[in-house]
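The structure under discussion appears below in the form of structure tokens.
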Amino acid sequence: MNERLLRVSDLTVEYSTRMGIGLALDNVSLDISEGEVLGLVGESGCGKTTLGLSIMKLLPRFGKIVQGEILFKGRNLLDLPERIMNREIRGREIAMIIQDPMHALNPVFTIRTQITDVLRFHKDRRLDSHGEGIQLRNEAAKMLEEVGIADPAERLTDYPFQFSGGMIQRVMVAMAFSCNPSLLIADEPTTALDVTIEAQILELLKSLVKRYGASVLYISHDLGVISEISDRVAVMYAGNIVEVADTTLLFENPAHPYTEALLRCLPGAEARGKRLGTIPGRVPDLTERPNGCKFHPRCPYVREICKEKPPKLLEIASGHSVACFGYKKNE
Amino acid sequence: MTQEKVLIELTHRWDSCKRKSHLRIKKFAQIIRVIRREPRGLIGASIIGIILICALFSPWIAPFDPNEQDIANRFSVPSSEHLLGTDYVGRDILSRLIYGARAAAIVSICSVGIAVLVGVPLGAIAAYNGGAVDYIVILIFDVIRSFPSVIVILVLAAIFGPSLLNIILILAFTSFPAYGRVARAQTLSVKEEECIMAAKSLGATTGRILLSHITPNILSPIIVLAGMDLAVMIMWESALSFLGLGLQPPTASWGIMLKQGYTYIETAPLMIIWPAIVLITTMLGCSLFAETLRVALNPREREPDE
Amino acid sequence: MNKKRDRVPLVQVQGLKTYFYKGKGILSKVFGKGLRIVHAVDDVSFTIEEGKNFSLVGETGCGKSTVGRSILRLVEPTEGKILFEGQNLMGFSKSEMQKFRRKAQIVLQDPRSSLNPRMTAGELIAEPLRIHRMKKYEDEIQDEVARLLETVRLSGDDADKYPHEFSGGQARRIGIARALVLRPQFIVADELTSGLDVSISAAILDLMQDLQDEFKLTYMWISHDLHMVKYISDSIAIMYLGKIVEIGRAQDISVGPMHPYSQALFSAIPSVKPGQETRKIILEGEVPSPIHPPSGCRFNTRCPRKLGAICETDEPPWQDAGDGHHLSCHIPLETLRKV
């Protein structure tokens, strides 16, 4: 019985840039179980968005999956033809919410048109009769109500520019859940929103996830949000997953030096008056990634072996994996 | 300051200038790279290059004197001696075309140049200051633009008489509002940008802001417009000369050649075909080049980002 | 504790109002909605002591950025007094403002747009020196530029690079270097760390603190990042729709915000300590438009502790909770303290 909803194995993605070819993802493996929220956290350039896009096979023109497997409910998505991917997977089995609400919807169509579009496509409905159109409209209104938009019937006739950022994200959430997906990929949905609106959207997501029993891959650079919403967390750095653990465990007992350093950078009220811990050096450019462990030039615990070969992601305790030579298993 | 100090100061300033120009060259190199990559750019640049060379070095390139008549050999077909044949008084068509490039180049470059130098500052200052100044300047622009340029050009040419200077001024007069409009629109948007506010916070005066901060940021669309306009101005020069309102014979101008060839179109069609081809090719070259500039100045390729 | 010196506070803002007028023309009156006044900043007062960190927090549209720009007169205030070292900026002539510019600087939020993309980092940093003719010789200017680049932990070679060649964090440092050139006393930092990665943000904060110690600077932080604000501030003011709803010492406000909006705001920030589930106060609805702010207390349309009709009709009074902690609410303090 395949417990794992999603299993990514040894995924490698290349980007062609003017400066050469760079590895956006380097042998990345992770899995998500049914009903689980996996948080994917990392700073810019680490590849978390690329991972989300790869699962949906929506990489930009200059990106290419060169190796790996993405098993979704047992099927390898990389083998599926585009037609099937579009018809069965995208928007139906796997839904996605993106970061920038202002550019997520088509500005020249009403909200009603955009929601019913999704419903029509995935539920194989045709606007044959007037009655069908009314039914779809009612469904759309119900969806808006479910995500907490006031006066849903009237709001349907609005255009996206008449909605605020928070409301558009609600619409996106509604559209994402409209076809009862098994997996939701949320790529920084609240980064562009104010704190109080962010809280609203997170609450909404949590309740809908519970109601529909969906799994979530929640991508963010905000450690606070990740800790609030995830069951497990995967930390990424420069195209690699460096640590995976249950949320509580990760924040209380970070194993990887990068995770450790990252947590020390957070300004907390207790640190008043003291300097924050900073990480020396810079995130390496896409095309200039170091040999061996990509973090080694900035790691306080660096050893010779770290410069020679990349560490594998291995389990050091139940549910806790790290990619670091500092742990015995990795020698 | 003592003499020594002056010298030292000048050396330092010179060094800074050199550094700055090295950087500018780097930027140009990037633009040139784009031009070389796109086939449009190569074609456009080559055509313009050829025309410019013809214009600059006509006496050395042209095989014959453009006004040298050879009645015995008039209407001759292309031969090894006269590569494109001769016209109705035996003048070498190729040489006349080469010299004609001069007229085309001078008129187009000068008229566009004047239009830019007048229109851009007017538009920028109007947009930056706003209020009454803006209102009046726009009024001027709109009044000039509301007349169909064809009519204005023809009427003014008829009034002031044909001459090189007149054509240049008339063409500049009818086209400067377009640059003013573009400069104004660009300034209006650049003016709100934070770097302008930052400059103000540092204490920069209006003049400095306009000169150092706004102008470099509004130039791209103006350069592209100018490039496209060059083609149009070349066409105008020819059109006016064709109608007898521009340069006068015996000056070698493509327009005049078109007019003279028109008379003999049935008997010696080559007389009109050659200048027509050259005119079309030149205009095409300018347009292609301007289009490539537009692409080069707008960073359309983006680095993949997360 | 040091002896309290009897000095005039560095910055005193009293009754600041900045309104923007939209739709002034005739066409707007005939075809459009007529004259609309955006009450971006509506009667804001606060004081900043020398050497301290004052933070202004709030969400989008609350007017905090406008406050920052108004007190430097980058945006002309409509009304109010802005006292810098005791003198009212509103009465300054052009040349007095020019001299003031050297003492107070702003680092703007978006380094991409606040740095002229056509100028190199070196030119950008040197510009204030040239404007104010502070250095006469070219080599002195270049030396100063190099020195400042080093101060913000960039290298001297970066002077010849253009802004787009820098990363977000580095570009922000250039903005900071440019603000420091004139050796100001007071710097407004507008969303200095927003949009930056955690580690880069930490580095910038450390840099700012080092600079503060070295150059004896006074900072006004404008931010919506409450974690950062709690960490770095000496005093905090919370804004909503153009008004300050609560103001006080950082330690008081971080531990116990009393205004219903502050309480909701501080409870909403995601905490990195899982298990420490603070009860979140989720606000209903959206922020109203600053063109038509609600009457009475501006927060009444979303307030979870709304008293009643009085919140819709009357402006809430200022209440003093001691030690410089003030808030504006109809609910009496004792009730508010019981969260």
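Numbering starts fresh at 1 for the residues of each chain in the structure tokens, the chains themselves are lettered A, B, ... in the order given, and ligands are numbered from 1 as they appear.
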Nearby residues (only C-alpha atoms) at most 7 Å from stretch 257-265 of chain A, same-chain spacing under 5 positions excluded, as a list of chain:residue names: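 Residues near the query, excluding close chain neighbours: A:Leu276, A:Gly277, A:Thr278, A:Ile279, A:Cys299, C:Val198, C:Ser199, C:Ala202.
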Any chance you could tabulate, as a Markdown table, the residues of chain C at most 6 Å from chain A with each one's nearest atom pair and distance in Å to one decimal, using only C-alpha atoms, in chain and rising number order?
| residue | atom | partner | partner_atom | distance |
| --- | --- | --- | --- | --- |
| C:Glu59 | CA | A:Asp194 | CA | 5.8 |
| C:Asp197 | CA | A:Glu43 | CA | 5.7 |
| C:Ser199 | CA | A:Cys265 | CA | 5.7 |
| C:Ala202 | CA | A:Cys265 | CA | 5.5 |
| C:Ala203 | CA | A:Thr278 | CA | 5.7 |
| C:Asp206 | CA | A:Arg275 | CA | 5.9 |
| C:His227 | CA | A:Pro267 | CA | 5.9 |
| C:Met228 | CA | A:Pro267 | CA | 5.5 |
| C:Lys230 | CA | A:Ala269 | CA | 5.6 |
| C:Tyr231 | CA | A:Ala269 | CA | 4.8 |
| C:Ala268 | CA | A:Ala199 | CA | 5.7 |
| C:Pro270 | CA | A:Gly224 | CA | 4.6 |
| C:Ser271 | CA | A:Gly224 | CA | 4.8 |
| C:Val272 | CA | A:Gly224 | CA | 4.5 |
| C:Pro274 | CA | A:Thr248 | CA | 5.9 |
Distance-based interface of chain B with chain C, 9 Å, counting only C-alpha atoms, as a VMD selection string: chain B and resid 8 to 10 12 to 13 16 19 to 20 23 193 to 205 208 212 to 213 216 to 217
Please write the residues from the selection above to a file, keeping N, CA and C atoms, as a short mmCIF file (atom, residue, chain, number, x, y, z; two decimals), in the first residue's frame.
data_model
loop_
_atom_site.label_atom_id
_atom_site.label_comp_id
_atom_site.auth_asym_id
_atom_site.auth_seq_id
_atom_site.Cartn_x
_atom_site.Cartn_y
_atom_site.Cartn_z
N ILE B 8 47.55 68.30 -9.98
CA ILE B 8 47.12 67.07 -9.32
C ILE B 8 45.61 66.91 -9.41
N GLU B 9 44.93 68.00 -9.16
CA GLU B 9 43.47 67.96 -9.22
C GLU B 9 42.98 67.54 -10.59
N LEU B 10 43.62 68.15 -11.61
CA LEU B 10 43.21 67.82 -12.97
C LEU B 10 43.49 66.35 -13.28
N HIS B 12 43.49 63.89 -11.21
CA HIS B 12 42.48 63.04 -10.57
C HIS B 12 41.16 63.09 -11.33
N ARG B 13 40.80 64.29 -11.76
CA ARG B 13 39.54 64.38 -12.49
C ARG B 13 39.61 63.61 -13.80
N SER B 16 39.09 60.01 -13.08
CA SER B 16 37.68 59.68 -12.88
C SER B 16 36.96 59.63 -14.22
N ARG B 19 37.74 56.48 -15.97
CA ARG B 19 37.04 55.34 -15.40
C ARG B 19 35.60 55.32 -15.85
N LYS B 20 35.01 56.50 -15.82
CA LYS B 20 33.60 56.57 -16.21
C LYS B 20 33.43 56.18 -17.66
N LEU B 23 33.51 52.52 -18.15
CA LEU B 23 32.25 51.89 -17.78
C LEU B 23 31.21 52.08 -18.88
N GLU B 193 9.81 58.23 -8.98
CA GLU B 193 10.60 57.13 -8.47
C GLU B 193 11.39 57.53 -7.25
N GLU B 194 11.73 56.53 -6.49
CA GLU B 194 12.37 56.82 -5.22
C GLU B 194 13.75 57.41 -5.37
N CYS B 195 14.41 57.12 -6.48
CA CYS B 195 15.78 57.67 -6.58
C CYS B 195 15.74 59.17 -6.70
N ILE B 196 14.64 59.70 -7.22
CA ILE B 196 14.53 61.15 -7.30
C ILE B 196 14.28 61.71 -5.90
N MET B 197 13.45 61.01 -5.16
CA MET B 197 13.21 61.47 -3.79
C MET B 197 14.50 61.38 -2.99
N ALA B 198 15.26 60.32 -3.25
CA ALA B 198 16.54 60.19 -2.55
C ALA B 198 17.44 61.36 -2.89
N ALA B 199 17.48 61.74 -4.16
CA ALA B 199 18.32 62.86 -4.54
C ALA B 199 17.86 64.13 -3.85
N LYS B 200 16.56 64.30 -3.76
CA LYS B 200 16.04 65.48 -3.07
C LYS B 200 16.44 65.46 -1.61
N SER B 201 16.41 64.25 -1.03
CA SER B 201 16.74 64.18 0.39
C SER B 201 18.20 64.52 0.61
N LEU B 202 19.01 64.36 -0.42
CA LEU B 202 20.41 64.71 -0.27
C LEU B 202 20.63 66.19 -0.50
N GLY B 203 19.59 66.88 -0.95
CA GLY B 203 19.73 68.31 -1.14
C GLY B 203 19.95 68.73 -2.58
N ALA B 204 19.73 67.81 -3.53
CA ALA B 204 19.98 68.16 -4.92
C ALA B 204 19.00 69.22 -5.41
N THR B 205 19.48 70.13 -6.24
CA THR B 205 18.60 71.17 -6.79
C THR B 205 17.87 70.62 -8.00
N ARG B 208 20.04 69.96 -11.09
CA ARG B 208 20.88 68.77 -10.99
C ARG B 208 20.02 67.52 -11.17
N SER B 212 21.19 65.19 -14.13
CA SER B 212 21.90 63.94 -13.84
C SER B 212 20.99 62.78 -13.55
N HIS B 213 19.80 63.04 -13.06
CA HIS B 213 18.99 61.90 -12.65
C HIS B 213 17.89 61.57 -13.62
N PRO B 216 19.17 60.75 -17.98
CA PRO B 216 19.66 59.44 -18.40
C PRO B 216 18.58 58.37 -18.35
N ASN B 217 17.60 58.56 -17.49
CA ASN B 217 16.59 57.52 -17.36
C ASN B 217 15.46 57.64 -18.35
#
DSSP alpha helix (DSSP H) selection over stretch 84-153 of chain C, as a ChimeraX atom specification: /C:94-101,111-114,121-131,138-151
Dump of N, CA and C atoms for the selected residues, as a tab-separated table (two decimals), in the first residue's frame:
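Output file selection-v4.tsv follows:
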chain	number	residue	atom	x	y	z
C	94	LYS	N	14.78	77.89	2.02
C	94	LYS	CA	15.42	76.89	1.17
C	94	LYS	C	16.84	76.61	1.62
C	95	SER	N	17.56	77.65	1.98
C	95	SER	CA	18.96	77.40	2.34
C	95	SER	C	19.06	76.74	3.71
C	96	GLU	N	18.11	77.06	4.58
C	96	GLU	CA	18.13	76.39	5.88
C	96	GLU	C	17.80	74.91	5.71
C	97	MET	N	16.87	74.62	4.80
C	97	MET	CA	16.55	73.22	4.52
C	97	MET	C	17.77	72.51	3.96
C	98	GLN	N	18.49	73.20	3.10
C	98	GLN	CA	19.68	72.60	2.52
C	98	GLN	C	20.65	72.21	3.62
C	99	LYS	N	20.81	73.07	4.60
C	99	LYS	CA	21.72	72.74	5.71
C	99	LYS	C	21.16	71.62	6.55
C	100	PHE	N	19.84	71.61	6.70
C	100	PHE	CA	19.21	70.54	7.49
C	100	PHE	C	19.43	69.18	6.84
C	101	ARG	N	19.43	69.17	5.52
C	101	ARG	CA	19.56	67.90	4.81
C	101	ARG	C	20.82	67.17	5.24
C	111	PRO	N	15.81	49.36	-2.73
C	111	PRO	CA	17.09	49.82	-3.27
C	111	PRO	C	17.09	49.84	-4.78
C	112	ARG	N	16.26	49.03	-5.39
C	112	ARG	CA	16.23	49.02	-6.85
C	112	ARG	C	15.78	50.36	-7.37
C	113	SER	N	14.79	50.96	-6.74
C	113	SER	CA	14.31	52.22	-7.30
C	113	SER	C	14.92	53.43	-6.62
C	114	SER	N	15.49	53.27	-5.41
C	114	SER	CA	16.03	54.48	-4.79
C	114	SER	C	17.44	54.76	-5.24
C	121	ALA	N	27.86	52.85	-8.05
C	121	ALA	CA	27.80	52.97	-6.59
C	121	ALA	C	28.68	54.13	-6.13
C	122	GLY	N	29.85	54.25	-6.73
C	122	GLY	CA	30.75	55.34	-6.34
C	122	GLY	C	30.14	56.70	-6.60
C	123	GLU	N	29.52	56.85	-7.76
C	123	GLU	CA	28.90	58.15	-8.08
C	123	GLU	C	27.76	58.45	-7.14
C	124	LEU	N	26.99	57.41	-6.82
C	124	LEU	CA	25.86	57.62	-5.92
C	124	LEU	C	26.32	58.07	-4.56
C	125	ILE	N	27.40	57.47	-4.07
C	125	ILE	CA	27.87	57.83	-2.74
C	125	ILE	C	28.54	59.19	-2.77
C	126	ALA	N	29.19	59.51	-3.87
C	126	ALA	CA	29.91	60.78	-3.93
C	126	ALA	C	28.97	61.96	-4.13
C	127	GLU	N	27.79	61.69	-4.64
C	127	GLU	CA	26.92	62.80	-5.02
C	127	GLU	C	26.64	63.78	-3.88
C	128	PRO	N	26.30	63.29	-2.68
C	128	PRO	CA	26.04	64.28	-1.62
C	128	PRO	C	27.23	65.18	-1.37
C	129	LEU	N	28.43	64.63	-1.49
C	129	LEU	CA	29.61	65.45	-1.28
C	129	LEU	C	29.68	66.55	-2.32
C	130	ARG	N	29.33	66.20	-3.55
C	130	ARG	CA	29.39	67.20	-4.60
C	130	ARG	C	28.30	68.25	-4.44
C	131	ILE	N	27.11	67.78	-4.06
C	131	ILE	CA	26.01	68.74	-3.91
C	131	ILE	C	26.34	69.78	-2.85
C	138	GLU	N	39.18	66.01	-5.95
C	138	GLU	CA	38.67	64.77	-6.48
C	138	GLU	C	39.20	63.58	-5.70
C	139	ASP	N	40.49	63.57	-5.38
C	139	ASP	CA	41.03	62.38	-4.71
C	139	ASP	C	40.46	62.24	-3.32
C	140	GLU	N	40.16	63.37	-2.69
C	140	GLU	CA	39.54	63.28	-1.36
C	140	GLU	C	38.17	62.62	-1.48
C	141	ILE	N	37.46	63.02	-2.55
C	141	ILE	CA	36.13	62.44	-2.74
C	141	ILE	C	36.25	60.94	-2.93
C	142	GLN	N	37.17	60.51	-3.77
C	142	GLN	CA	37.31	59.08	-4.01
C	142	GLN	C	37.74	58.34	-2.75
C	143	ASP	N	38.58	58.96	-1.96
C	143	ASP	CA	38.98	58.33	-0.70
C	143	ASP	C	37.79	58.15	0.22
C	144	GLU	N	36.98	59.19	0.28
C	144	GLU	CA	35.80	59.13	1.15
C	144	GLU	C	34.87	58.02	0.69
C	145	VAL	N	34.69	57.91	-0.62
C	145	VAL	CA	33.82	56.87	-1.15
C	145	VAL	C	34.35	55.49	-0.75
C	146	ALA	N	35.65	55.32	-0.91
C	146	ALA	CA	36.24	54.02	-0.57
C	146	ALA	C	36.06	53.73	0.91
C	147	ARG	N	36.24	54.77	1.71
C	147	ARG	CA	36.11	54.59	3.15
C	147	ARG	C	34.70	54.18	3.54
C	148	LEU	N	33.72	54.81	2.91
C	148	LEU	CA	32.34	54.48	3.24
C	148	LEU	C	31.97	53.09	2.78
C	149	LEU	N	32.46	52.68	1.63
C	149	LEU	CA	32.16	51.34	1.16
C	149	LEU	C	32.67	50.32	2.16
C	150	GLU	N	33.85	50.62	2.69
C	150	GLU	CA	34.40	49.71	3.67
C	150	GLU	C	33.56	49.71	4.95
C	151	THR	N	33.09	50.89	5.33
C	151	THR	CA	32.28	50.98	6.55
C	151	THR	C	31.05	50.12	6.45
From A:Ala317, A:Ala140, A:Leu71, A:Ile219, residue lying nearest chain B [only C-alpha atoms]: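 Nearest candidate to chain B out of A:Ala317, A:Ala140, A:Leu71, A:Ile219: A:Ile219.
Taking atom CA of A:Leu11 and atom CA of A:Ile32 as the two end points, the separation is 14.9 Å.
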Distance query B:Ala72 at most 9 Å, only C-alpha atoms, self and fewer than 3 positions along chain excluded, as an NGL selection string: :B and (69 or 89-90)
Deliver the residues from the most recent selection as a file, using C-alpha atoms, as a PDB file, in the first residue's frame.
ATOM      1  CA  GLN B  69      27.346  64.845 -68.099  1.00  0.00           C
ATOM      2  CA  VAL B  89      22.004  63.468 -69.442  1.00  0.00           C
ATOM      3  CA  GLY B  90      24.541  60.727 -69.090  1.00  0.00           C
TER       4      GLY B  90
END
Coordinates-based distance that separates atom CA of B:Thr292 from atom CA of B:Ile35 (Å, one decimal): 6.2 Å
Chain B contacts on chain A, only C-alpha atoms, 9 Å, as a ChimeraX atom specification: /A:15-18,24,44-50,60,62-63
Polymer residues at most 9 Å from A:Thr116, only C-alpha atoms, same-chain spacing of 5 or more positions, as a PDB file with N, CA and C atoms, in the first residue's frame:
ATOM      1  N   ILE A 111     -14.210  37.731 -11.728  1.00  0.00           N
ATOM      2  CA  ILE A 111     -13.906  36.628 -10.829  1.00  0.00           C
ATOM      3  C   ILE A 111     -14.776  35.426 -11.177  1.00  0.00           C
ATOM      4  N   PHE A 121     -13.552  23.197 -16.698  1.00  0.00           N
ATOM      5  CA  PHE A 121     -12.499  22.393 -17.278  1.00  0.00           C
ATOM      6  C   PHE A 121     -12.323  21.086 -16.544  1.00  0.00           C
ATOM      7  N   GLY A 133     -25.205  27.305 -16.534  1.00  0.00           N
ATOM      8  CA  GLY A 133     -24.466  28.521 -16.184  1.00  0.00           C
ATOM      9  C   GLY A 133     -24.844  28.997 -14.792  1.00  0.00           C
ATOM     10  N   LEU A 136     -23.284  26.768 -12.153  1.00  0.00           N
ATOM     11  CA  LEU A 136     -21.869  27.051 -11.955  1.00  0.00           C
ATOM     12  C   LEU A 136     -21.690  28.325 -11.155  1.00  0.00           C
ATOM     13  N   ARG A 137     -22.532  29.307 -11.440  1.00  0.00           N
ATOM     14  CA  ARG A 137     -22.404  30.566 -10.717  1.00  0.00           C
ATOM     15  C   ARG A 137     -22.673  30.364  -9.245  1.00  0.00           C
ATOM     16  N   GLU A 139     -22.234  27.641  -7.595  1.00  0.00           N
ATOM     17  CA  GLU A 139     -21.089  26.946  -7.005  1.00  0.00           C
ATOM     18  C   GLU A 139     -19.962  27.917  -6.718  1.00  0.00           C
ATOM     19  N   ALA A 140     -19.722  28.810  -7.666  1.00  0.00           N
ATOM     20  CA  ALA A 140     -18.646  29.790  -7.475  1.00  0.00           C
ATOM     21  C   ALA A 140     -18.934  30.669  -6.265  1.00  0.00           C
TER      22      ALA A 140
END
Test item: residues at most 10 Å from C:Gly51, only C-alpha atoms, excluding those fewer than 6 positions along its chain, as a VMD selection string: chain C and resid 9 to 10 185 to 186 212 to 213 215 to 219 234
Dump of C-alpha atoms for the selected residues, as an mmCIF file, in the first residue's frame:
data_model
loop_
_atom_site.group_PDB
_atom_site.id
_atom_site.type_symbol
_atom_site.label_atom_id
_atom_site.label_comp_id
_atom_site.auth_asym_id
_atom_site.auth_seq_id
_atom_site.Cartn_x
_atom_site.Cartn_y
_atom_site.Cartn_z
ATOM 1 C CA PRO C 9 14.862 65.900 22.317
ATOM 2 C CA LEU C 10 16.358 65.562 18.883
ATOM 3 C CA GLN C 185 22.755 62.810 13.248
ATOM 4 C CA PHE C 186 19.419 61.289 12.412
ATOM 5 C CA GLN C 212 24.990 53.768 15.640
ATOM 6 C CA ASP C 213 27.640 53.145 18.237
ATOM 7 C CA PHE C 215 28.724 57.645 14.764
ATOM 8 C CA LYS C 216 26.303 58.331 17.602
ATOM 9 C CA LEU C 217 23.257 58.120 15.381
ATOM 10 C CA THR C 218 19.588 58.367 16.190
ATOM 11 C CA TYR C 219 17.318 56.076 14.220
ATOM 12 C CA ASP C 234 13.766 51.717 22.534
#
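Here atom CA of C:Val44 is placed at a distance of 14.0 Å from atom CA of C:Arg298.
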Stretch 57-67 of chain B environment, 12 Å, only C-alpha atoms, sequence neighbours closer than 4 positions dropped, as a ChimeraX atom specification: /B:49-53,71,80-103,105,249-253,257
Near-C:Pro316 list (8 Å; only C-alpha atoms; drop same-chain fewer than 6 positions) as a ChimeraX atom specification: /C:296-297,328-330
Preceding selection exported with C-alpha atoms as a CSV table (one decimal), in the first residue's frame:
chain,number,residue,atom,x,y,z
C,296,GLY,CA,-15.1,58.0,15.4
C,297,CYS,CA,-12.4,55.5,16.2
C,328,SER,CA,-6.2,56.0,22.3
C,329,CYS,CA,-9.2,54.0,23.0
C,330,HIS,CA,-12.7,54.3,24.6
